[in-house]
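Visitor: Structure supplied as data_15.txt; contents: compact mmCIF, C-alpha atoms.
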```
# COMPACT_ATOMS: atom_id res chain seq x y z
CA MET G 1 0.00 0.00 0.00
CA LYS G 2 1.25 3.46 -0.77
CA THR G 3 2.44 5.59 2.13
CA GLN G 4 0.04 8.34 1.18
CA LYS G 5 -2.92 6.01 1.58
CA ILE G 6 -1.62 4.75 4.92
CA ALA G 7 -1.23 8.31 6.17
CA LEU G 8 -4.70 9.30 4.96
CA ALA G 9 -6.32 6.24 6.53
CA SER G 10 -4.71 6.80 9.90
CA ILE G 11 -5.56 10.50 9.88
CA ILE G 12 -9.19 9.76 9.12
CA ALA G 13 -9.16 7.13 11.86
CA ALA G 14 -7.76 9.69 14.28
CA THR G 15 -10.37 12.25 13.21
CA TYR G 16 -13.19 9.80 13.74
CA ALA G 17 -11.80 8.72 17.09
CA SER G 18 -11.32 12.25 18.35
CA LEU G 19 -14.84 13.22 17.30
CA VAL G 20 -16.19 10.24 19.25
CA ILE G 21 -14.06 11.09 22.27
CA PHE G 22 -14.29 14.87 22.42
CA LEU G 23 -17.87 15.46 21.37
CA PRO G 24 -19.21 12.97 23.86
CA VAL G 25 -22.48 14.54 24.99
CA ILE G 26 -24.65 13.32 22.15
CA SER G 27 -22.44 10.34 21.30
CA PHE G 28 -23.10 7.89 24.05
CA TYR G 29 -26.72 7.29 24.76
CA ALA G 30 -28.68 4.34 23.54
CA TRP G 31 -30.47 6.75 21.24
CA GLN G 32 -27.42 8.43 19.92
CA ILE G 33 -26.50 11.07 17.41
CA ARG G 34 -22.91 10.30 16.69
CA ILE G 35 -21.38 13.28 14.90
CA ALA G 36 -18.36 11.16 14.00
CA ASP G 37 -20.58 9.08 11.70
CA ALA G 38 -20.67 12.11 9.42
CA LEU G 39 -17.28 10.89 8.19
CA LEU G 40 -18.80 7.73 6.70
CA PRO G 41 -19.79 9.24 3.30
CA LEU G 42 -16.17 10.37 2.86
CA SER G 43 -15.40 7.00 1.29
CA THR G 44 -17.27 8.17 -1.80
CA ILE G 45 -14.61 10.79 -2.46
CA LEU G 46 -11.49 9.48 -0.73
CA GLY G 47 -11.85 5.78 -1.51
CA ILE G 48 -10.41 2.83 0.37
CA PRO G 49 -8.32 4.84 2.88
CA ALA G 50 -11.54 6.36 4.21
CA VAL G 51 -13.10 2.89 4.52
CA ILE G 52 -10.17 1.64 6.60
CA GLY G 53 -10.02 4.93 8.47
CA VAL G 54 -13.59 4.89 9.76
CA THR G 55 -13.23 1.23 10.75
CA ILE G 56 -10.08 1.72 12.82
CA GLY G 57 -11.35 5.07 14.05
CA CYS G 58 -14.54 3.59 15.42
CA PHE G 59 -12.56 0.95 17.25
CA ILE G 60 -10.09 3.39 18.78
CA GLY G 61 -12.70 6.00 19.55
CA ASN G 62 -14.79 3.56 21.54
CA LEU G 63 -11.72 2.18 23.23
CA PHE G 64 -10.60 5.49 24.65
CA ALA G 65 -13.91 7.16 25.23
CA PRO G 66 -13.92 8.56 28.77
CA TRP G 67 -14.43 5.77 31.24
CA GLY G 68 -17.70 5.54 33.03
CA SER G 69 -19.76 7.25 30.36
CA PHE G 70 -21.32 4.02 29.22
CA GLY G 71 -20.52 0.35 29.37
CA LEU G 72 -21.77 0.02 25.85
CA ILE G 73 -18.46 1.34 24.55
CA MET G 74 -16.58 -1.95 24.62
CA LEU G 75 -19.15 -3.80 22.57
CA ASP G 76 -19.61 -0.85 20.28
CA ALA G 77 -15.88 -0.93 19.58
CA ILE G 78 -16.21 -4.18 17.66
CA GLY G 79 -19.79 -4.09 16.41
CA GLY G 80 -19.58 -0.46 15.34
CA SER G 81 -16.35 -1.05 13.45
CA ILE G 82 -17.89 -3.88 11.49
CA ALA G 83 -20.94 -1.74 10.68
CA ASN G 84 -18.73 1.13 9.54
CA LEU G 85 -16.56 -1.17 7.43
CA ILE G 86 -19.48 -2.68 5.55
CA ALA G 87 -21.40 0.58 5.16
CA SER G 88 -18.51 2.68 3.89
CA TYR G 89 -17.23 -0.09 1.63
CA ILE G 90 -20.60 -0.41 -0.05
CA ALA G 91 -20.81 3.37 -0.40
CA TYR G 92 -17.36 3.28 -1.99
CA ARG G 93 -18.47 0.65 -4.48
CA ILE G 94 -21.59 2.60 -5.36
CA ALA G 95 -20.30 6.11 -5.72
CA TYR G 96 -16.52 6.41 -5.76
CA ASN G 97 -15.65 9.21 -8.18
CA LYS G 98 -19.20 9.35 -9.52
CA ASN G 99 -21.88 12.03 -9.57
CA ARG G 100 -23.87 13.65 -6.80
CA LEU G 101 -26.99 11.53 -7.26
CA LEU G 102 -25.05 8.32 -6.73
CA ARG G 103 -23.39 9.84 -3.68
CA LEU G 104 -26.82 10.52 -2.25
CA VAL G 105 -27.86 6.92 -2.94
CA ALA G 106 -24.66 5.70 -1.28
CA THR G 107 -25.36 7.85 1.77
CA LEU G 108 -28.87 6.42 2.06
CA CYS G 109 -27.45 2.90 1.83
CA GLU G 110 -25.03 3.71 4.63
CA ILE G 111 -27.84 4.93 6.86
CA ILE G 112 -29.79 1.72 6.30
CA ILE G 113 -26.80 -0.58 6.76
CA VAL G 114 -25.62 1.11 9.95
CA THR G 115 -29.15 1.09 11.38
CA ILE G 116 -29.67 -2.57 10.64
CA ILE G 117 -26.29 -3.82 11.86
CA VAL G 118 -26.01 -1.69 14.99
CA GLY G 119 -29.71 -2.11 15.77
CA SER G 120 -29.52 -5.90 15.47
CA TYR G 121 -26.47 -6.45 17.61
CA LEU G 122 -27.70 -4.03 20.26
CA THR G 123 -31.05 -5.80 20.37
CA TYR G 124 -29.35 -9.16 20.52
CA ILE G 125 -27.27 -8.02 23.47
CA PHE G 126 -30.30 -6.53 25.22
CA SER G 127 -32.73 -9.35 24.74
CA GLY G 128 -30.91 -12.38 23.35
CA LYS G 129 -32.89 -12.61 20.15
CA ILE G 130 -33.87 -10.61 17.12
CA ASP G 131 -37.57 -10.32 16.40
CA LEU G 132 -40.17 -7.61 16.11
CA SER G 133 -40.33 -6.95 19.84
CA PRO G 134 -40.71 -3.42 21.29
CA THR G 135 -37.01 -3.55 22.22
CA PHE G 136 -36.02 -4.06 18.62
CA ILE G 137 -38.31 -1.38 17.26
CA ALA G 138 -37.24 1.16 19.89
CA THR G 139 -33.56 0.51 19.21
CA ILE G 140 -33.93 0.58 15.43
CA LEU G 141 -35.99 3.79 15.48
CA GLY G 142 -33.50 5.49 17.79
CA ILE G 143 -30.48 4.56 15.74
CA PHE G 144 -32.24 5.38 12.48
CA THR G 145 -33.03 8.93 13.63
CA GLY G 146 -29.48 9.44 14.81
CA SER G 147 -28.03 8.07 11.57
CA VAL G 148 -30.26 10.18 9.35
CA ILE G 149 -29.01 13.32 11.09
CA SER G 150 -25.33 12.39 11.38
CA ILE G 151 -24.69 10.38 8.19
CA GLY G 152 -27.43 11.83 6.02
CA VAL G 153 -27.68 15.51 6.86
CA ILE G 154 -24.25 16.39 8.25
CA GLY G 155 -22.31 13.73 6.35
CA PHE G 156 -23.72 14.50 2.93
CA THR G 157 -23.37 18.25 3.42
CA ILE G 158 -19.72 18.08 4.43
CA THR G 159 -18.90 15.63 1.64
CA GLU G 160 -20.25 18.06 -0.95
CA ALA G 161 -18.41 20.95 0.69
CA ILE G 162 -15.15 19.02 0.79
CA ILE G 163 -15.41 18.09 -2.88
CA LYS G 164 -15.73 21.77 -3.72
CA THR G 165 -12.69 22.66 -1.63
CA LEU G 166 -10.50 19.75 -2.72
CA TYR G 167 -11.12 19.75 -6.46
CA SER G 168 -9.81 23.26 -6.74
CA LYS G 169 -6.57 22.41 -4.88
CA ASN G 170 -4.89 19.05 -4.66
CA LYS G 171 -7.15 16.44 -6.09
CA MET L 1 -4.54 18.46 29.71
CA SER L 2 -7.68 16.80 30.87
CA PHE L 3 -8.73 15.35 27.53
CA LEU L 4 -5.66 13.14 27.44
CA GLU L 5 -6.92 11.37 30.54
CA GLY L 6 -8.33 8.48 28.55
CA PHE L 7 -4.93 7.59 27.16
CA LYS L 8 -3.32 6.96 30.48
CA PHE L 9 -2.65 3.30 30.71
CA ARG L 10 -1.88 2.33 34.20
CA ARG L 11 1.00 -0.07 33.89
CA LYS L 12 0.69 -2.46 36.77
CA ASP L 13 2.88 -5.34 37.68
CA THR L 14 0.35 -8.12 38.04
CA ARG L 15 0.22 -11.63 36.61
CA ILE L 16 -2.63 -10.62 34.34
CA HIS L 17 -0.72 -7.67 32.90
CA LYS L 18 2.21 -9.94 32.14
CA LEU L 19 0.10 -12.33 30.07
CA ASP L 20 0.48 -12.26 26.32
CA PRO L 21 -2.22 -10.07 24.70
CA ARG L 22 -3.17 -12.98 22.46
CA THR L 23 -3.92 -15.11 25.50
CA LYS L 24 -6.08 -12.36 26.92
CA PHE L 25 -7.88 -12.04 23.63
CA ILE L 26 -8.67 -15.75 23.68
CA ILE L 27 -10.08 -15.34 27.19
CA VAL L 28 -12.33 -12.55 25.85
CA VAL L 29 -13.54 -14.71 22.95
CA VAL L 30 -14.24 -17.63 25.29
CA TYR L 31 -16.29 -15.44 27.62
CA THR L 32 -18.21 -13.92 24.73
CA VAL L 33 -19.11 -17.34 23.33
CA LEU L 34 -20.06 -18.77 26.71
CA SER L 35 -22.21 -15.81 27.70
CA LEU L 36 -24.02 -15.85 24.35
CA ILE L 37 -25.05 -19.52 24.51
CA PHE L 38 -26.76 -19.30 27.91
CA PHE L 39 -30.14 -17.74 28.64
CA ASN L 40 -30.33 -18.68 32.31
CA VAL L 41 -29.51 -16.71 35.41
CA ILE L 42 -27.20 -19.09 37.24
CA PRO L 43 -24.62 -19.84 34.49
CA LEU L 44 -24.45 -16.17 33.57
CA PHE L 45 -24.05 -15.24 37.21
CA ILE L 46 -21.14 -17.68 37.53
CA LEU L 47 -19.53 -16.18 34.43
CA PHE L 48 -20.02 -12.67 35.81
CA LEU L 49 -18.46 -13.60 39.17
CA SER L 50 -15.44 -15.08 37.42
CA THR L 51 -14.91 -11.89 35.40
CA ILE L 52 -14.87 -9.96 38.67
CA PHE L 53 -12.25 -12.37 39.92
CA LEU L 54 -10.12 -11.76 36.82
CA ILE L 55 -10.40 -8.00 37.24
CA TYR L 56 -9.52 -8.34 40.91
CA MET L 57 -6.41 -10.32 39.93
CA ALA L 58 -5.47 -7.47 37.57
CA GLU L 59 -5.92 -4.97 40.43
CA SER L 60 -8.24 -2.85 38.28
CA MET L 61 -11.31 -2.90 40.53
CA ASN L 62 -11.53 0.90 40.78
CA GLU L 63 -11.59 1.50 37.04
CA TRP L 64 -14.08 -1.32 36.59
CA LYS L 65 -16.36 0.09 39.31
CA LYS L 66 -16.44 3.41 37.50
CA THR L 67 -17.54 1.69 34.28
CA ILE L 68 -20.27 -0.25 36.04
CA ARG L 69 -21.55 2.83 37.84
CA GLY L 70 -21.88 4.64 34.53
CA MET L 71 -23.86 1.70 33.14
CA PHE L 72 -26.48 1.62 35.84
CA PHE L 73 -29.07 3.60 33.88
CA PHE L 74 -28.48 1.43 30.86
CA LEU L 75 -28.90 -1.81 32.78
CA THR L 76 -32.24 -0.56 34.06
CA ILE L 77 -33.37 0.09 30.48
CA ILE L 78 -32.34 -3.43 29.43
CA PHE L 79 -34.25 -4.91 32.35
CA ILE L 80 -37.42 -2.88 31.73
CA LEU L 81 -37.47 -3.44 27.95
CA ASN L 82 -37.07 -7.19 28.40
CA PHE L 83 -39.65 -7.25 31.15
CA ILE L 84 -42.18 -5.60 28.86
CA SER L 85 -41.51 -7.66 25.75
CA ILE L 86 -41.48 -11.15 27.30
CA SER L 87 -44.67 -13.01 28.20
CA GLN L 88 -43.34 -15.72 30.54
CA ASN L 89 -40.39 -16.09 32.94
CA LYS L 90 -40.21 -12.32 33.00
CA ILE L 91 -37.90 -11.80 35.96
CA ASP L 92 -35.55 -14.65 35.12
CA TYR L 93 -35.09 -13.67 31.52
CA SER L 94 -34.61 -9.96 32.15
CA LEU L 95 -32.14 -10.67 34.94
CA ALA L 96 -30.22 -13.07 32.71
CA MET L 97 -29.92 -10.44 29.98
CA VAL L 98 -28.67 -7.85 32.47
CA LEU L 99 -26.09 -10.35 33.69
CA ARG L 100 -25.03 -11.19 30.16
CA PHE L 101 -24.51 -7.53 29.39
CA LEU L 102 -22.52 -7.08 32.61
CA THR L 103 -20.34 -10.09 31.78
CA LEU L 104 -19.59 -8.89 28.27
CA THR L 105 -18.77 -5.37 29.42
CA SER L 106 -16.57 -6.60 32.26
CA ILE L 107 -14.58 -8.97 30.11
CA PHE L 108 -13.99 -6.35 27.44
CA SER L 109 -12.91 -3.77 29.99
CA PHE L 110 -10.67 -6.45 31.51
CA PHE L 111 -8.91 -6.79 28.17
CA PHE L 112 -8.50 -3.10 27.46
CA LEU L 113 -7.56 -2.17 31.02
CA THR L 114 -4.67 -4.62 31.00
CA THR L 115 -3.36 -4.28 27.44
CA THR L 116 -1.35 -1.25 26.30
CA PRO L 117 -1.75 0.11 22.75
CA ASP L 118 1.83 -0.93 21.98
CA GLU L 119 1.11 -4.50 22.99
CA LEU L 120 -2.05 -4.40 20.96
CA ALA L 121 -0.14 -3.25 17.87
CA LEU L 122 2.52 -5.93 18.38
CA ALA L 123 -0.20 -8.53 18.79
CA ILE L 124 -1.90 -7.38 15.60
CA GLU L 125 1.40 -7.71 13.77
CA ALA L 126 2.21 -11.06 15.34
CA SER L 127 -1.13 -12.50 14.30
CA GLY L 128 -0.12 -12.16 10.69
CA ILE L 129 -1.77 -8.89 9.71
CA SER L 130 0.37 -6.79 7.40
CA ARG L 131 2.66 -4.18 8.85
CA ASP L 132 0.82 -1.44 6.98
CA TYR L 133 -2.27 -2.05 9.07
CA SER L 134 -0.51 -2.25 12.41
CA LEU L 135 1.30 0.99 11.58
CA MET L 136 -2.05 2.54 10.71
CA PHE L 137 -3.40 1.48 14.06
CA THR L 138 -0.53 2.87 16.13
CA MET L 139 -0.39 6.02 14.03
CA SER L 140 -4.08 6.71 14.53
CA LEU L 141 -3.59 6.29 18.27
CA ARG L 142 -0.75 8.75 18.19
CA PHE L 143 -2.69 11.34 16.23
CA VAL L 144 -5.81 11.44 18.38
CA PRO L 145 -4.40 14.09 20.78
CA THR L 146 -3.14 16.12 17.80
CA LEU L 147 -6.55 15.97 16.21
CA ALA L 148 -8.13 17.04 19.47
CA LYS L 149 -5.94 20.14 19.44
CA ASP L 150 -6.89 20.88 15.83
CA LEU L 151 -10.54 20.50 16.70
CA GLN L 152 -10.10 22.92 19.58
CA THR L 153 -8.26 25.40 17.35
CA ILE L 154 -10.99 25.34 14.72
CA MET L 155 -13.73 25.76 17.31
CA ASP L 156 -11.84 28.70 18.85
CA ALA L 157 -11.37 30.26 15.42
CA LEU L 158 -15.08 29.96 14.72
CA ARG L 159 -15.91 31.39 18.14
CA SER L 160 -13.62 34.35 17.58
CA ARG L 161 -15.66 35.10 14.46
CA GLY L 162 -18.79 35.18 16.53
CA LEU L 163 -20.24 31.73 15.91
CA GLU L 164 -21.90 30.37 19.01
CA LEU L 165 -21.48 26.62 18.81
CA GLU L 166 -23.55 25.68 21.82
CA LYS L 167 -26.45 28.01 21.14
CA GLY L 168 -29.43 27.95 18.86
CA GLY L 169 -32.11 25.41 18.11
CA PHE L 170 -31.60 21.83 17.02
CA ILE L 171 -31.16 22.63 13.32
CA GLN L 172 -28.80 25.50 14.03
CA ARG L 173 -26.60 23.22 16.14
CA ILE L 174 -26.43 20.60 13.44
CA ARG L 175 -25.45 23.32 10.98
CA ASN L 176 -22.74 24.47 13.39
CA TYR L 177 -21.17 21.03 13.29
CA THR L 178 -20.77 21.22 9.53
CA TYR L 179 -18.95 24.54 10.01
CA VAL L 180 -16.53 22.74 12.32
CA LEU L 181 -16.12 19.53 10.32
CA VAL L 182 -15.41 20.88 6.83
CA PRO L 183 -12.25 22.87 7.69
CA LEU L 184 -11.15 20.08 10.02
CA ILE L 185 -11.33 17.37 7.38
CA VAL L 186 -9.82 19.47 4.61
CA TYR L 187 -6.95 20.43 6.90
CA GLU L 188 -6.39 16.82 7.95
CA ILE L 189 -6.35 15.58 4.36
CA ARG L 190 -3.55 18.04 3.70
CA ARG L 191 -1.80 17.01 6.88
CA SER L 192 -1.86 13.39 5.71
CA LEU L 193 0.22 14.41 2.67
CA MET L 194 2.83 15.82 5.02
CA ILE L 195 2.82 12.62 7.06
CA ALA L 196 3.27 10.56 3.91
CA GLU L 197 6.31 12.62 3.00
CA ALA L 198 7.72 12.19 6.48
CA LEU L 199 7.20 8.43 6.30
CA GLU L 200 8.94 8.19 2.96
CA ALA L 201 11.79 10.39 4.16
CA ARG L 202 12.35 7.90 6.97
CA GLY L 203 12.49 5.05 4.51
CA TYR L 204 9.15 3.41 5.27
CA GLY L 205 8.59 0.45 3.02
CA ALA L 206 12.20 0.37 1.82
CA THR L 207 12.95 -2.98 3.46
CA ASP L 208 10.61 -5.90 3.83
CA LYS L 209 12.05 -7.28 7.04
CA ILE L 210 12.23 -5.07 10.08
CA SER L 211 13.43 -5.67 13.61
CA THR L 212 11.41 -4.57 16.62
CA TYR L 213 12.59 -3.39 20.00
CA PHE L 214 10.05 -5.44 21.94
CA GLU L 215 9.08 -8.92 21.00
CA LEU L 216 5.98 -10.78 22.03
CA ARG L 217 6.62 -14.24 23.33
CA MET L 218 4.08 -16.77 24.51
CA LYS L 219 5.27 -18.17 27.85
CA ARG L 220 4.37 -21.53 29.28
CA ILE L 221 1.57 -20.03 31.39
CA ASP L 222 0.09 -18.47 28.23
CA TYR L 223 -0.09 -21.83 26.51
CA ILE L 224 -1.59 -23.49 29.59
CA ILE L 225 -4.33 -20.83 29.95
CA THR L 226 -5.15 -20.89 26.23
CA VAL L 227 -5.48 -24.69 26.16
CA ILE L 228 -7.59 -24.78 29.34
CA ALA L 229 -9.88 -22.01 28.11
CA ILE L 230 -10.47 -23.69 24.76
CA ILE L 231 -11.07 -27.11 26.36
CA ILE L 232 -13.61 -25.67 28.82
CA THR L 233 -15.48 -23.89 26.03
CA ILE L 234 -15.68 -26.96 23.81
CA LEU L 235 -16.72 -29.10 26.77
CA VAL L 236 -19.49 -26.71 27.81
CA ILE L 237 -20.79 -26.40 24.25
CA LEU L 238 -20.82 -30.21 23.79
CA LEU L 239 -22.52 -30.75 27.14
CA LYS L 240 -25.11 -28.12 26.26
CA ILE L 241 -25.80 -29.68 22.85
CA TYR L 242 -26.26 -33.16 24.36
CA GLY L 243 -28.23 -31.76 27.31
CA MET L 244 -25.84 -33.18 29.89
CA LEU L 245 -25.29 -30.06 31.97
CA PRO L 246 -26.32 -30.40 35.66
CA SER L 247 -29.93 -29.39 36.17
CA TRP L 248 -29.23 -26.89 39.00
CA LEU L 249 -27.78 -24.56 36.39
CA PHE L 250 -31.26 -24.05 34.97
CA ILE L 251 -33.19 -23.46 38.19
CA LYS L 252 -35.43 -20.42 37.88
CA ILE L 253 -34.97 -17.64 40.42
CA SER L 254 -38.71 -16.98 40.58
CA ASN L 255 -39.35 -20.59 41.69
CA ILE L 256 -37.09 -20.44 44.74
```
Can you dump the structure from the file as structure tokens?
Guide:
Amino acid sequence: MKTQKIALASIIAATYASLVIFLPVISFYAWQIRIADALLPLSTILGIPAVIGVTIGCFIGNLFAPWGSFGLIMLDAIGGSIANLIASYIAYRIAYNKNRLLRLVATLCEIIIVTIIVGSYLTYIFSGKIDLSPTFIATILGIFTGSVISIGVIGFTITEAIIKTLYSKNK
Amino acid sequence: MSFLEGFKFRRKDTRIHKLDPRTKFIIVVVYTVLSLIFFNVIPLFILFLSTIFLIYMAESMNEWKKTIRGMFFFLTIIFILNFISISQNKIDYSLAMVLRFLTLTSIFSFFFLTTTPDELALAIEASGISRDYSLMFTMSLRFVPTLAKDLQTIMDALRSRGLELEKGGFIQRIRNYTYVLVPLIVYEIRRSLMIAEALEARGYGATDKISTYFELRMKRIDYIITVIAIIITILVILLKIYGMLPSWLFIKISNI
């Protein structure tokens, strides 16, 4: 792998992790808006390094989140990373270097994938099974709302803004 | 600086801390598997007690207590949600799920409280993952404090221009975050180019074989623990499949 990609991946990982750690107020409740998730659509413009970055970043961010905020963090470290990996990889396959419409589709896919994966493993941990129980619906709805705001609204906006900034300079 | 608090690994000289990180990881996997196959209070309670014992051996009770205290609200939610959604064995089932969650959290905090990032990186490398990825991992760890400073700088810059980050309605706040994130990400993408240059200047990737200062070595105790843990897991799974586990494990709390 080229050094430039390694550097980009680790910087994105560090960004994700520091957003998880230092913007903790809305990050760590069961019904969470995780601002760091706004980095997920970046894989549509930065490619594979962003995919690896958000995966490692989610792991590290959960690892070093301030102790005592929530016990959920340790399980989130692994489950969240897997969700991020799959979601951003699929977004990369859909819309890497393509037009805005496809980027929007990719973002929507990410929202759905993250909601389903995180919602399922959280429900499984809470109740030991996955079915249409109130637990499952409450979890799914909570995560879906959070994801729409962080990945959809914030993520898509910043991706478009970054494209504008980067294409004029060094891309 | 207070925000670096989370990075302080307390190096302690206990038997647990001296174990190979791979051994500890196997312990975590074993506990995860065991706690996921049981739905009864007593086996999960035994598992939970043994995690406490492990944490006690690692002399990390204080850190663990803090984690558990922070989880209290969450455990209540798990209990209530299960209690509502189940039609029979309400108390038993909800209690079992709370215990399972406690076990999983304790065993994961056990791992991360006793393993330093350096050890983790070495373990990643030793388990056959390419050096590029282990470098990425350690590098991201190293850059988190730097990123935190950048984040602070950008927020200060925005504040000095009169943007009030913490004020306004819900939509205004969300918009404020985009004002913070765009310059941050653009700046970090440029920073990554500098890092790449620095890496190349130091000859990264020039040689295939490198030598490390520390080396991970599995000791005899590591092998013994790994083998015992795996045997116990397989035994329990087999006994569960053939229904040969002692019946007192499945006694219901509500019947006593």
Visitor: Can you measure atom CA of Ile129 of chain L to atom CA of Tyr89 of chain G for me? One decimal in Å is fine.
Guide: 19.5 Å
Visitor: Calculate how many Å separate atom CA of Val98 of chain L from atom CA of Ile77 of chain L, rounding to one decimal.
Guide: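 So the two atoms, atom CA of Val98 of chain L and atom CA of Ile77 of chain L, lie 9.4 Å apart.
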Visitor: With distances taken over only C-alpha atoms, which residue among G:Tyr167, G:Ile86, G:Tyr121, G:Pro134 lies nearest chain L?
Guide: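 Using only C-alpha atoms, chain L sits closest to G:Pro134.
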Visitor: Would you mind telling me which residue in G:Val51, G:Ile162, G:Ala83, G:Val114 lies nearest to Val148 of chain G when using only C-alpha atoms?
Guide: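 Nearest to Val148 of chain G: G:Val114.
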Visitor: Based on all atoms listed in the file, which of the residues in chain L come within 7 Å of chain G? I want them as a PyMOL selection string.
Guide: chain L and resi 6-7+66-71+78+81-82+85+97+101+105+108-109+132+136-137+139-141+143-144+147-148+178+182+186+188-189+192-193+195-196+199
Visitor: Please indicate the distance in Å from atom CA of Leu47 of chain L to atom CA of Leu113 of chain L, rounded to one decimal place.
Guide: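 About the pair atom CA of Leu47 of chain L and atom CA of Leu113 of chain L: they are 18.7 Å apart.
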Visitor: Residues within 10 Å of Phe25 of chain L, please, as a PyMOL selection string. Count all atoms listed in the file; anything in the same chain fewer than 5 positions from it doesn't count.
Guide: chain L and resi 20+30-31+107-108+111-112+115+120+123+226
Visitor: Which residues are near Pro43 of chain L? Cut-off 9 Å, all atoms listed in the file, ignore same chain within fewer than 6 positions. Put them as a list in words.
Guide: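 The residues that qualify are Ser35, Ala96, Leu249 and Phe250 of chain L.
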Visitor: So that I have them on file, write out the residues from the current selection with C-alpha atoms, as a JSON list (two decimals), in the frame of the given file.
Guide:
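Written file, selection_18.json:
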```json
[["chain", "number", "residue", "atom", "x", "y", "z"],
["L", 35, "SER", "CA", -22.21, -15.81, 27.70],
["L", 96, "ALA", "CA", -30.22, -13.07, 32.71],
["L", 249, "LEU", "CA", -27.78, -24.56, 36.39],
["L", 250, "PHE", "CA", -31.26, -24.05, 34.97]]
```
